[in-house]
2 protein chains.
Amino acid sequence: MQALPGFRDFYPLDMAKRNYLFSTLRRVVLSYGFVEVDGPTLEGGDLYRKKGGDELAEQLYQFTDKGGREVAMRPEMTLTVARMAARSERHYRKPMKWFSIGSFFRYERQQRGRLREFSQLNCDLIGEASPAADAELLALVIDCLRAFGFGPRDFVVRLSNRMAWLRFCRGKGIRVEQIEGFLQEVDKMDRYPAGEISKKFAKFGTSLQAVRDFVESKDSTYFSAVLDDLSARGLSEYVEIDLGIVRGLLYYTGIVFEVFDRRKCLRAIAGGGRYDQLVSAVSSSRVMLPAIGFGIGDVVLGKLIEAVPVAVEKMRVALESRPGCEVFVVIAEENRRRQALQVVQLLREGGKSVDFSLGVVRIEKQFRHAQQLGARHIVVVGREWPQVKLQRSAFHEVSVCPYEKLAEHLKTEHSFAFQ
Amino acid sequence: MQALPGFRDFYPLDMAKRNYLFSTLRRVVLSYGFVEVDGPTLEGGDLYRKKGGDELAEQLYQFTDKGGREVAMRPEMTLTVARMAARSERHYRKPMKWFSIGSFFRYERQQRGRLREFSQLNCDLIGEASPAADAELLALVIDCLRAFGFGPRDFVVRLSNRMAWLRFCRGKGIRVEQIEGFLQEVDKMDRYPAGEISKKFAKFGTSLQAVRDFVESKDSTYFSAVLDDLSARGLSEYVEIDLGIVRGLLYYTGIVFEVFDRRKCLRAIAGGGRYDQLVSAVSSSRVMLPAIGFGIGDVVLGKLIEAVPVAVEKMRVALESRPGCEVFVVIAEENRRRQALQVVQLLREGGKSVDFSLGVVRIEKQFRHAQQLGARHIVVVGREWPQVKLQRSAFHEVSVCPYEKLAEHLKTEHSFAFQ
């Protein structure tokens with residue numbers, strides 16, 4: 001029996017890698033003064049259908065629960081964050097800097113290794129509308145990736161702005177109620193042949209050429225303050241203006257961005273933007289709170305690591321330096337197992353990671369077990385241990401302490417430094 | 001807009017408490033040499049319906065996905081662990097000691113604060129059938145709770161054994177195919193009036209009195225090796241034989257246990273048992289692997305902490321000693337914001353947690369912000385800072401370093417110890 005298609009089992013090494021990703025990200029977001037929050041895995045389905053956009057709704061894991069409620073497994077975090085902020089913002093100092101790490105679900109077609117459950121870091125900066133906030137969040141996403149060893153030749157943040165697109169739409173006479181549909185076509189324009197997309201744009205009273213010219217213009221009106229801030233931080237080389245980025249989600253109102261690998265081999269590594277109207281839209285009291293956020297998922301990030309040798313090496317070093325078994329207790333005489341258990345308990349209560357053989361096994365096998373676990377120290381309980389063999393094992397430089405000495409040592413030193 | 005009934009929003013303080021629970025548990029399980037794994041949130045529905053038992057099936061969040069598969073949000077972890085072990089056990093040394101921390105879902109009736117999504121630590125010891133393995137796991141659950149400051153007057157592990165019940169059933173002539181139904185009645189016997197439960201037992205050819213006599217017998221045949229092991233570890237006072245424990249889940253085959261608060265005010269804090277047939281049952285190659293495991297959820301554990309002053313105090317100290325804002329950068333002259341941003345970036349790259357005002361705000365307000373964040377140090381950028389006012393603030397004992405000195409300090413010392 002296997003996991004469902006698009007879902008993953010995390011065996012110890014997979015899990016260690018996932019923990020490496022998120023502990024690295026966590027360290028960076030904490031250095032930016034973000035605090036951790038979380039929301040429920042299941043939300044009312046309305047939240048996504050009304051505010052998310054078509055693609056999100058199509059991919060929703062939704063069903064009717066046993067109480068007759070329309071519910072959905074969360075496909076993203078921003079709507080939950082907006083809901084939480086709307087409900088309790090009065091208790092928190094602005095800006096709120098919130099991050100979360102959790103599982104998300106999208107019923108994607110099974111192609112190119114797309115997954116249906118993924119883990120994601122989300123960061124949201126709520127209650128500050130200035131470009132300084134945009135820059136703070138962009139600096140954060142850049143530093144998140146730099147923490148894995150990636151440099152400006154590995155990834156780039158492509159920066160756009162919904163406001164620029166609104167001005168384009170006004171200039172072309174696209175009506176307000178059409179803008180949403182138009183932007184969704186722009187978002188998908190590279191997926192279809194030119195002829196097909198031209199026809200779609202014609203319906204909105206514009207042309208593929210006009211859209212392309214606009215994207216090529218790289219109009220920096222909406223970006224100068226943000227770019228100036230990032231330059232002061234020394235992060236300019238990680239950002240490029242690309243008006244071709246519009247983001248599929250409905251709720252964005254200002255700056256939007258996606259992070260791509262420079263080799264253009266992967267899907268977006270991260271993405272986000274400003275959503276100044278969303279908190280108000282999900283609030284019963286219509287509280288207005290400008291906000292900006294982004295998400296980084298584990299799947300594409302993991303692939304980028306695999307593609308960059310420096311990042312692979314950094315991960316390898318981190319995985320190898322994980323704390324493993326500190327002390328392995330060898331039971332040399334089975335009739336002294338009770339004493340061994342006392343030692344095990346004492347060491348663990350002292351905070352050590354301790355292992356021993358649960359079954360009755362030969363002493364040689366116990367030593368092999370200790371070696372396989374990478375145990376740093378061994379404690380041999382009983383006198384009958386094969387000192388000669390030990391000298392040929394990986395522990396030959398470890399001075400082994402028989403039980404009697406150990407007990408004495410514990411009593412006098414109150415220390416667990418057995419070597 | 002609120003979370004669905006039975007689901008929780010974790011605001012910063014809620015999240016800090018949840019992190020305290022699981023970082024404490026994680027520390028203990030690592031000291032026992034367990035390694036982390038995880039499975040998918042969604043599984044094929046069959047997994048639970050066939051092997052879980054009626055109550056689990058009734059509470060299942062199940063639905064048909066967009067591909068026509070019957071799926072279920074995981075209500076527990078043991079079946080996933082068994083599936084994972086069955087599939088890949090050949091790659092791992094036995095016994096496998098696996099733990100996981102994740103979210104689980106049960107559609108429970110909304111009463112007595114029962115939740116529909118909860119977080120749970122699961123520990124499973126796979127590939128070792130000896131009582132030594134049972135004792136290792138019981139010692140682990142006890143040490144997990146002791147880590148919160150609970151003592152033998154706060155909780156007790158109630159220990160039972162399905163084998164004892166099988167012998168009872170044989171003695172009473174209960175047929176093999178009836179045993180499952182019978183044990184489910186025993187599991188629920190305290191929830192119904194004596195008359196009702198007597199009738200139910202009569203159908204199986206036994207009586208309420210016979211069941212009660214059996215429970216009262218405290219027959220220790222099946223427990224002596226385990227109790228002896230726990231006594232060597234000094235943990236006897238945390239365990240009691242209670243044959244009234246049978247556990248609702250179908251897959252248990254040997255020792256079963258539940259942990260209760262001594263005041264008997266709460267539901268079970270933790271529960272588990274031996275499931276020697278389960279890995280084989282979910283394995284295509286019928287690989288036999290004896291196993292034992294338990295789960296501790298966050299909800300009841302949180303309530304027990306609230307009820308025990310020592311545990312409350314321990315949590316309070318842990319929450320207060322969390323690392324917060326280390327350096328707050330005060331921008332005393334707005335035209336030097338670029339310099340301030342450089343300092344912020346430099347400090348963060350050095351691993352410090354740094355905050356500053358994104359908006360243009362008065363210097364007094366910036367100091368207040370720093371105080372509210374509990375910043376340990378401040379760095380003032382600009383000459384125009386109100387030294388007199390500062391002396392009346394919480395930072396009056398902090399020697400403040402103006403920007404010029406700071407830059408110098410950075411160059412010469414390569415240290416970030418600004419005070």
# chains A, B, ... in the order shown; residues from 1 in each chain; ligands from 1
>>> residues_around(residues="region 125-127 of chain B", least_positions_apart="2", cutoff="6 Å", atoms="only C-alpha atoms", output="list of chain:residue names")
B:Lys94, B:Pro95, B:Met96, B:Lys97, B:Leu289, B:Pro290, B:Ala291, B:Ile292
>>> select_by_dssp(residues="region 205-335 of chain A", states="strand (DSSP E or B)", output="list in words")
Val239, Glu240, Ile241, Ile255, Val256, Phe257, Glu258, Val259, Phe260, Asp261, Ala270, Gly271, Gly272, Gly273, Arg274, Ala291, Ile292, Gly293, Phe294, Gly295, Ile296, Gly297, Val327, Phe328, Val329, Val330 and Ile331 of chain A
>>> interface_residues(of="chain B", to="chain A", cutoff="7 Å", atoms="only C-alpha atoms", output="CSV table (one decimal) with N, CA and C atoms, in the first residue's frame")
chain,number,residue,atom,x,y,z
B,1,MET,N,-15.4,36.7,10.2
B,1,MET,CA,-15.3,35.3,9.8
B,1,MET,C,-14.4,34.5,10.8
B,3,ALA,N,-12.9,30.6,12.3
B,3,ALA,CA,-12.5,29.2,11.9
B,3,ALA,C,-13.8,28.3,12.1
B,4,LEU,N,-13.8,27.2,11.4
B,4,LEU,CA,-14.9,26.3,11.5
B,4,LEU,C,-15.0,25.8,13.0
B,7,PHE,N,-12.2,23.9,15.1
B,7,PHE,CA,-10.9,24.2,14.5
B,7,PHE,C,-10.3,25.4,15.1
B,8,ARG,N,-9.0,25.6,15.1
B,8,ARG,CA,-8.4,26.6,15.9
B,8,ARG,C,-7.5,27.6,15.1
B,9,ASP,N,-7.6,28.8,15.4
B,9,ASP,CA,-6.6,29.8,14.9
B,9,ASP,C,-5.5,29.9,16.0
B,10,PHE,N,-4.3,29.8,15.6
B,10,PHE,CA,-3.2,29.9,16.5
B,10,PHE,C,-2.5,31.3,16.4
B,11,TYR,N,-2.9,32.2,17.2
B,11,TYR,CA,-2.3,33.6,17.3
B,11,TYR,C,-0.9,33.4,17.9
B,12,PRO,N,-0.1,34.5,17.9
B,12,PRO,CA,1.3,34.3,18.4
B,12,PRO,C,1.4,33.6,19.7
B,15,MET,N,0.4,29.9,19.5
B,15,MET,CA,1.5,29.2,18.7
B,15,MET,C,2.7,29.0,19.6
B,30,LEU,N,13.9,12.5,21.3
B,30,LEU,CA,15.3,12.4,20.8
B,30,LEU,C,16.2,11.8,21.8
B,31,SER,N,16.0,12.0,23.1
B,31,SER,CA,16.9,11.4,24.1
B,31,SER,C,16.7,9.9,24.1
B,32,TYR,N,15.5,9.4,23.6
B,32,TYR,CA,15.3,8.0,23.5
B,32,TYR,C,15.7,7.4,22.2
B,33,GLY,N,16.4,8.2,21.4
B,33,GLY,CA,16.9,7.7,20.1
B,33,GLY,C,15.9,7.5,19.0
B,35,VAL,N,13.8,8.7,15.7
B,35,VAL,CA,14.0,9.6,14.6
B,35,VAL,C,12.7,10.0,13.9
B,36,GLU,N,12.7,11.2,13.4
B,36,GLU,CA,11.4,11.8,12.9
B,36,GLU,C,11.0,11.3,11.5
B,37,VAL,N,9.7,11.1,11.3
B,37,VAL,CA,9.1,10.7,10.0
B,37,VAL,C,7.8,11.5,9.9
B,38,ASP,N,7.2,11.4,8.8
B,38,ASP,CA,5.9,12.0,8.6
B,38,ASP,C,5.2,11.3,7.5
B,39,GLY,N,3.9,11.3,7.4
B,39,GLY,CA,3.1,10.8,6.3
B,39,GLY,C,2.2,11.8,5.8
B,40,PRO,N,1.4,11.5,4.8
B,40,PRO,CA,0.5,12.5,4.2
B,40,PRO,C,-0.7,12.8,5.1
B,43,GLU,N,-5.2,10.1,3.2
B,43,GLU,CA,-4.9,8.7,2.9
B,43,GLU,C,-6.1,8.1,2.2
B,44,GLY,N,-5.9,7.0,1.6
B,44,GLY,CA,-7.0,6.2,1.1
B,44,GLY,C,-8.0,5.9,2.2
B,61,TYR,N,-13.3,12.2,8.5
B,61,TYR,CA,-13.5,13.2,7.4
B,61,TYR,C,-13.2,12.6,6.1
B,63,PHE,N,-14.2,11.8,1.9
B,63,PHE,CA,-14.8,12.3,0.7
B,63,PHE,C,-14.3,11.7,-0.6
B,65,ASP,N,-12.4,12.4,-4.0
B,65,ASP,CA,-11.6,13.5,-4.6
B,65,ASP,C,-11.9,13.6,-6.1
B,83,ARG,N,1.8,1.3,7.3
B,83,ARG,CA,1.9,1.3,5.9
B,83,ARG,C,3.3,1.6,5.4
B,130,SER,N,9.7,-7.9,22.4
B,130,SER,CA,10.0,-8.2,23.8
B,130,SER,C,9.3,-7.2,24.7
B,132,ALA,N,10.8,-5.8,26.9
B,132,ALA,CA,11.8,-4.7,27.0
B,132,ALA,C,11.3,-3.5,26.1
B,133,ALA,N,10.8,-3.8,24.9
B,133,ALA,CA,10.3,-2.8,24.0
B,133,ALA,C,9.0,-2.1,24.6
B,229,ASP,N,11.0,-4.1,34.5
B,229,ASP,CA,11.9,-3.2,33.7
B,229,ASP,C,11.7,-1.7,34.2
B,232,ALA,N,13.2,-1.0,37.5
B,232,ALA,CA,14.7,-0.7,37.4
B,232,ALA,C,14.9,0.8,37.0
B,233,ARG,N,14.0,1.3,36.2
B,233,ARG,CA,14.2,2.7,35.7
B,233,ARG,C,13.7,3.7,36.8
B,282,VAL,N,-1.3,-4.6,6.4
B,282,VAL,CA,-1.3,-3.6,5.4
B,282,VAL,C,-0.2,-3.8,4.4
B,283,SER,N,0.5,-4.9,4.5
B,283,SER,CA,1.7,-5.2,3.6
B,283,SER,C,1.2,-6.1,2.5
B,284,SER,N,1.7,-5.8,1.3
B,284,SER,CA,1.4,-6.7,0.1
B,284,SER,C,2.2,-8.0,0.2
B,325,CYS,N,13.3,40.0,20.0
B,325,CYS,CA,14.0,41.1,19.3
B,325,CYS,C,15.4,41.3,20.0
B,338,ARG,N,18.9,55.1,4.6
B,338,ARG,CA,19.7,54.1,3.9
B,338,ARG,C,20.9,53.5,4.7
B,341,LEU,N,19.3,51.0,7.0
B,341,LEU,CA,19.1,49.7,6.3
B,341,LEU,C,20.3,48.9,6.2
B,342,GLN,N,21.4,49.6,5.9
B,342,GLN,CA,22.7,48.8,5.9
B,342,GLN,C,23.0,48.1,7.2
B,345,GLN,N,20.6,45.2,7.7
B,345,GLN,CA,21.0,44.0,6.9
B,345,GLN,C,22.3,43.3,7.5
B,348,ARG,N,21.4,41.4,10.7
B,348,ARG,CA,20.6,40.2,10.4
B,348,ARG,C,21.5,39.1,9.7
B,351,GLY,N,23.1,37.0,12.0
B,351,GLY,CA,22.3,36.1,12.8
B,351,GLY,C,21.4,36.8,13.9
B,352,LYS,N,21.5,38.1,14.0
B,352,LYS,CA,20.7,38.8,15.0
B,352,LYS,C,19.3,38.9,14.6
B,353,SER,N,18.4,38.9,15.5
B,353,SER,CA,17.0,39.3,15.2
B,353,SER,C,16.8,40.8,15.4
B,354,VAL,N,16.5,41.5,14.3
B,354,VAL,CA,16.5,42.9,14.2
B,354,VAL,C,15.2,43.5,13.8
B,355,ASP,N,14.8,44.6,14.4
B,355,ASP,CA,13.6,45.3,13.9
B,355,ASP,C,13.8,46.8,13.9
B,358,LEU,N,9.2,50.8,10.0
B,358,LEU,CA,9.1,50.8,8.5
B,358,LEU,C,8.6,52.2,8.1
B,359,GLY,N,7.7,52.7,8.8
B,359,GLY,CA,7.1,54.1,8.5
B,359,GLY,C,8.0,55.1,9.2
>>> atom_distance(atom1="CA of Phe150 (chain B)", atom2="CA of Val215 (chain B)")
27.4 Å
>>> atom_distance(atom1="CA of Ile241 (chain B)", atom2="CA of Ala164 (chain B)")
11.7 Å
>>> decode(residues="region 309-353 of chain B", atoms="N, CA and C atoms", output="PDB file, in the first residue's frame")
ATOM      1  N   PRO B 309       0.033  23.771  38.864  1.00  0.00           N
ATOM      2  CA  PRO B 309       0.810  25.015  38.994  1.00  0.00           C
ATOM      3  C   PRO B 309       2.285  24.890  38.601  1.00  0.00           C
ATOM      4  N   VAL B 310       2.923  23.784  38.987  1.00  0.00           N
ATOM      5  CA  VAL B 310       4.345  23.618  38.637  1.00  0.00           C
ATOM      6  C   VAL B 310       4.527  23.628  37.122  1.00  0.00           C
ATOM      7  N   ALA B 311       3.590  22.986  36.428  1.00  0.00           N
ATOM      8  CA  ALA B 311       3.682  22.923  34.973  1.00  0.00           C
ATOM      9  C   ALA B 311       3.392  24.279  34.328  1.00  0.00           C
ATOM     10  N   VAL B 312       2.449  25.015  34.922  1.00  0.00           N
ATOM     11  CA  VAL B 312       2.146  26.366  34.427  1.00  0.00           C
ATOM     12  C   VAL B 312       3.396  27.239  34.527  1.00  0.00           C
ATOM     13  N   GLU B 313       4.035  27.141  35.702  1.00  0.00           N
ATOM     14  CA  GLU B 313       5.218  27.963  35.953  1.00  0.00           C
ATOM     15  C   GLU B 313       6.353  27.598  34.994  1.00  0.00           C
ATOM     16  N   LYS B 314       6.534  26.300  34.784  1.00  0.00           N
ATOM     17  CA  LYS B 314       7.579  25.832  33.872  1.00  0.00           C
ATOM     18  C   LYS B 314       7.332  26.373  32.455  1.00  0.00           C
ATOM     19  N   MET B 315       6.080  26.350  32.043  1.00  0.00           N
ATOM     20  CA  MET B 315       5.739  26.858  30.710  1.00  0.00           C
ATOM     21  C   MET B 315       5.977  28.367  30.642  1.00  0.00           C
ATOM     22  N   ARG B 316       5.571  29.064  31.708  1.00  0.00           N
ATOM     23  CA  ARG B 316       5.736  30.518  31.730  1.00  0.00           C
ATOM     24  C   ARG B 316       7.216  30.889  31.564  1.00  0.00           C
ATOM     25  N   VAL B 317       8.074  30.203  32.325  1.00  0.00           N
ATOM     26  CA  VAL B 317       9.510  30.480  32.241  1.00  0.00           C
ATOM     27  C   VAL B 317      10.019  30.213  30.823  1.00  0.00           C
ATOM     28  N   ALA B 318       9.568  29.098  30.237  1.00  0.00           N
ATOM     29  CA  ALA B 318      10.015  28.760  28.883  1.00  0.00           C
ATOM     30  C   ALA B 318       9.551  29.815  27.875  1.00  0.00           C
ATOM     31  N   LEU B 319       8.303  30.265  28.015  1.00  0.00           N
ATOM     32  CA  LEU B 319       7.788  31.257  27.071  1.00  0.00           C
ATOM     33  C   LEU B 319       8.528  32.581  27.220  1.00  0.00           C
ATOM     34  N   GLU B 320       8.841  32.942  28.457  1.00  0.00           N
ATOM     35  CA  GLU B 320       9.529  34.217  28.674  1.00  0.00           C
ATOM     36  C   GLU B 320      10.970  34.195  28.202  1.00  0.00           C
ATOM     37  N   SER B 321      11.565  33.015  28.196  1.00  0.00           N
ATOM     38  CA  SER B 321      12.973  32.956  27.796  1.00  0.00           C
ATOM     39  C   SER B 321      13.137  32.726  26.289  1.00  0.00           C
ATOM     40  N   ARG B 322      12.022  32.786  25.543  1.00  0.00           N
ATOM     41  CA  ARG B 322      12.141  32.681  24.080  1.00  0.00           C
ATOM     42  C   ARG B 322      12.995  33.836  23.563  1.00  0.00           C
ATOM     43  N   PRO B 323      13.813  33.572  22.558  1.00  0.00           N
ATOM     44  CA  PRO B 323      14.571  34.677  21.990  1.00  0.00           C
ATOM     45  C   PRO B 323      13.625  35.602  21.221  1.00  0.00           C
ATOM     46  N   GLY B 324      13.622  36.884  21.556  1.00  0.00           N
ATOM     47  CA  GLY B 324      12.789  37.849  20.839  1.00  0.00           C
ATOM     48  C   GLY B 324      13.678  38.784  20.057  1.00  0.00           C
ATOM     49  N   CYS B 325      13.267  40.044  19.991  1.00  0.00           N
ATOM     50  CA  CYS B 325      14.042  41.056  19.267  1.00  0.00           C
ATOM     51  C   CYS B 325      15.371  41.300  19.994  1.00  0.00           C
ATOM     52  N   GLU B 326      16.461  41.143  19.274  1.00  0.00           N
ATOM     53  CA  GLU B 326      17.763  41.377  19.901  1.00  0.00           C
ATOM     54  C   GLU B 326      18.210  42.825  19.748  1.00  0.00           C
ATOM     55  N   VAL B 327      18.040  43.368  18.565  1.00  0.00           N
ATOM     56  CA  VAL B 327      18.469  44.752  18.321  1.00  0.00           C
ATOM     57  C   VAL B 327      17.338  45.522  17.647  1.00  0.00           C
ATOM     58  N   PHE B 328      17.024  46.688  18.180  1.00  0.00           N
ATOM     59  CA  PHE B 328      16.093  47.580  17.500  1.00  0.00           C
ATOM     60  C   PHE B 328      16.900  48.754  16.964  1.00  0.00           C
ATOM     61  N   VAL B 329      16.769  49.010  15.682  1.00  0.00           N
ATOM     62  CA  VAL B 329      17.518  50.100  15.065  1.00  0.00           C
ATOM     63  C   VAL B 329      16.619  51.339  15.006  1.00  0.00           C
ATOM     64  N   VAL B 330      17.030  52.357  15.744  1.00  0.00           N
ATOM     65  CA  VAL B 330      16.266  53.613  15.792  1.00  0.00           C
ATOM     66  C   VAL B 330      16.809  54.553  14.709  1.00  0.00           C
ATOM     67  N   ILE B 331      15.911  55.036  13.867  1.00  0.00           N
ATOM     68  CA  ILE B 331      16.327  55.970  12.813  1.00  0.00           C
ATOM     69  C   ILE B 331      16.063  57.384  13.325  1.00  0.00           C
ATOM     70  N   ALA B 332      17.136  58.018  13.829  1.00  0.00           N
ATOM     71  CA  ALA B 332      16.988  59.324  14.475  1.00  0.00           C
ATOM     72  C   ALA B 332      16.892  60.452  13.455  1.00  0.00           C
ATOM     73  N   GLU B 333      17.496  60.243  12.293  1.00  0.00           N
ATOM     74  CA  GLU B 333      17.387  61.230  11.213  1.00  0.00           C
ATOM     75  C   GLU B 333      16.922  60.501   9.969  1.00  0.00           C
ATOM     76  N   GLU B 334      15.731  60.843   9.502  1.00  0.00           N
ATOM     77  CA  GLU B 334      15.121  60.096   8.411  1.00  0.00           C
ATOM     78  C   GLU B 334      16.000  60.085   7.149  1.00  0.00           C
ATOM     79  N   ASN B 335      16.772  61.157   6.933  1.00  0.00           N
ATOM     80  CA  ASN B 335      17.614  61.176   5.723  1.00  0.00           C
ATOM     81  C   ASN B 335      18.802  60.216   5.822  1.00  0.00           C
ATOM     82  N   ARG B 336      18.891  59.499   6.928  1.00  0.00           N
ATOM     83  CA  ARG B 336      19.940  58.476   7.041  1.00  0.00           C
ATOM     84  C   ARG B 336      19.348  57.070   7.058  1.00  0.00           C
ATOM     85  N   ARG B 337      18.123  56.946   6.551  1.00  0.00           N
ATOM     86  CA  ARG B 337      17.463  55.637   6.498  1.00  0.00           C
ATOM     87  C   ARG B 337      18.287  54.611   5.727  1.00  0.00           C
ATOM     88  N   ARG B 338      18.920  55.055   4.648  1.00  0.00           N
ATOM     89  CA  ARG B 338      19.743  54.112   3.871  1.00  0.00           C
ATOM     90  C   ARG B 338      20.851  53.504   4.739  1.00  0.00           C
ATOM     91  N   GLN B 339      21.472  54.356   5.542  1.00  0.00           N
ATOM     92  CA  GLN B 339      22.509  53.835   6.440  1.00  0.00           C
ATOM     93  C   GLN B 339      21.900  52.857   7.450  1.00  0.00           C
ATOM     94  N   ALA B 340      20.731  53.228   7.929  1.00  0.00           N
ATOM     95  CA  ALA B 340      20.052  52.349   8.896  1.00  0.00           C
ATOM     96  C   ALA B 340      19.776  50.979   8.266  1.00  0.00           C
ATOM     97  N   LEU B 341      19.348  51.000   7.009  1.00  0.00           N
ATOM     98  CA  LEU B 341      19.050  49.740   6.317  1.00  0.00           C
ATOM     99  C   LEU B 341      20.310  48.882   6.181  1.00  0.00           C
ATOM    100  N   GLN B 342      21.436  49.552   5.928  1.00  0.00           N
ATOM    101  CA  GLN B 342      22.702  48.803   5.860  1.00  0.00           C
ATOM    102  C   GLN B 342      23.003  48.113   7.181  1.00  0.00           C
ATOM    103  N   VAL B 343      22.796  48.869   8.262  1.00  0.00           N
ATOM    104  CA  VAL B 343      23.060  48.315   9.602  1.00  0.00           C
ATOM    105  C   VAL B 343      22.127  47.130   9.873  1.00  0.00           C
ATOM    106  N   VAL B 344      20.856  47.321   9.548  1.00  0.00           N
ATOM    107  CA  VAL B 344      19.871  46.246   9.753  1.00  0.00           C
ATOM    108  C   VAL B 344      20.306  44.988   9.005  1.00  0.00           C
ATOM    109  N   GLN B 345      20.649  45.157   7.745  1.00  0.00           N
ATOM    110  CA  GLN B 345      21.041  44.023   6.911  1.00  0.00           C
ATOM    111  C   GLN B 345      22.276  43.311   7.487  1.00  0.00           C
ATOM    112  N   LEU B 346      23.257  44.134   7.880  1.00  0.00           N
ATOM    113  CA  LEU B 346      24.504  43.592   8.421  1.00  0.00           C
ATOM    114  C   LEU B 346      24.250  42.781   9.700  1.00  0.00           C
ATOM    115  N   LEU B 347      23.430  43.330  10.565  1.00  0.00           N
ATOM    116  CA  LEU B 347      23.121  42.650  11.823  1.00  0.00           C
ATOM    117  C   LEU B 347      22.377  41.351  11.568  1.00  0.00           C
ATOM    118  N   ARG B 348      21.404  41.398  10.675  1.00  0.00           N
ATOM    119  CA  ARG B 348      20.636  40.181  10.376  1.00  0.00           C
ATOM    120  C   ARG B 348      21.519  39.125   9.742  1.00  0.00           C
ATOM    121  N   GLU B 349      22.420  39.543   8.857  1.00  0.00           N
ATOM    122  CA  GLU B 349      23.325  38.561   8.244  1.00  0.00           C
ATOM    123  C   GLU B 349      24.232  37.940   9.297  1.00  0.00           C
ATOM    124  N   GLY B 350      24.444  38.671  10.391  1.00  0.00           N
ATOM    125  CA  GLY B 350      25.216  38.123  11.508  1.00  0.00           C
ATOM    126  C   GLY B 350      24.377  37.246  12.426  1.00  0.00           C
ATOM    127  N   GLY B 351      23.113  37.023  12.048  1.00  0.00           N
ATOM    128  CA  GLY B 351      22.266  36.102  12.801  1.00  0.00           C
ATOM    129  C   GLY B 351      21.415  36.758  13.876  1.00  0.00           C
ATOM    130  N   LYS B 352      21.506  38.085  14.004  1.00  0.00           N
ATOM    131  CA  LYS B 352      20.711  38.768  15.027  1.00  0.00           C
ATOM    132  C   LYS B 352      19.268  38.945  14.558  1.00  0.00           C
ATOM    133  N   SER B 353      18.355  38.948  15.532  1.00  0.00           N
ATOM    134  CA  SER B 353      16.975  39.302  15.235  1.00  0.00           C
ATOM    135  C   SER B 353      16.850  40.820  15.376  1.00  0.00           C
TER     136      SER B 353
END
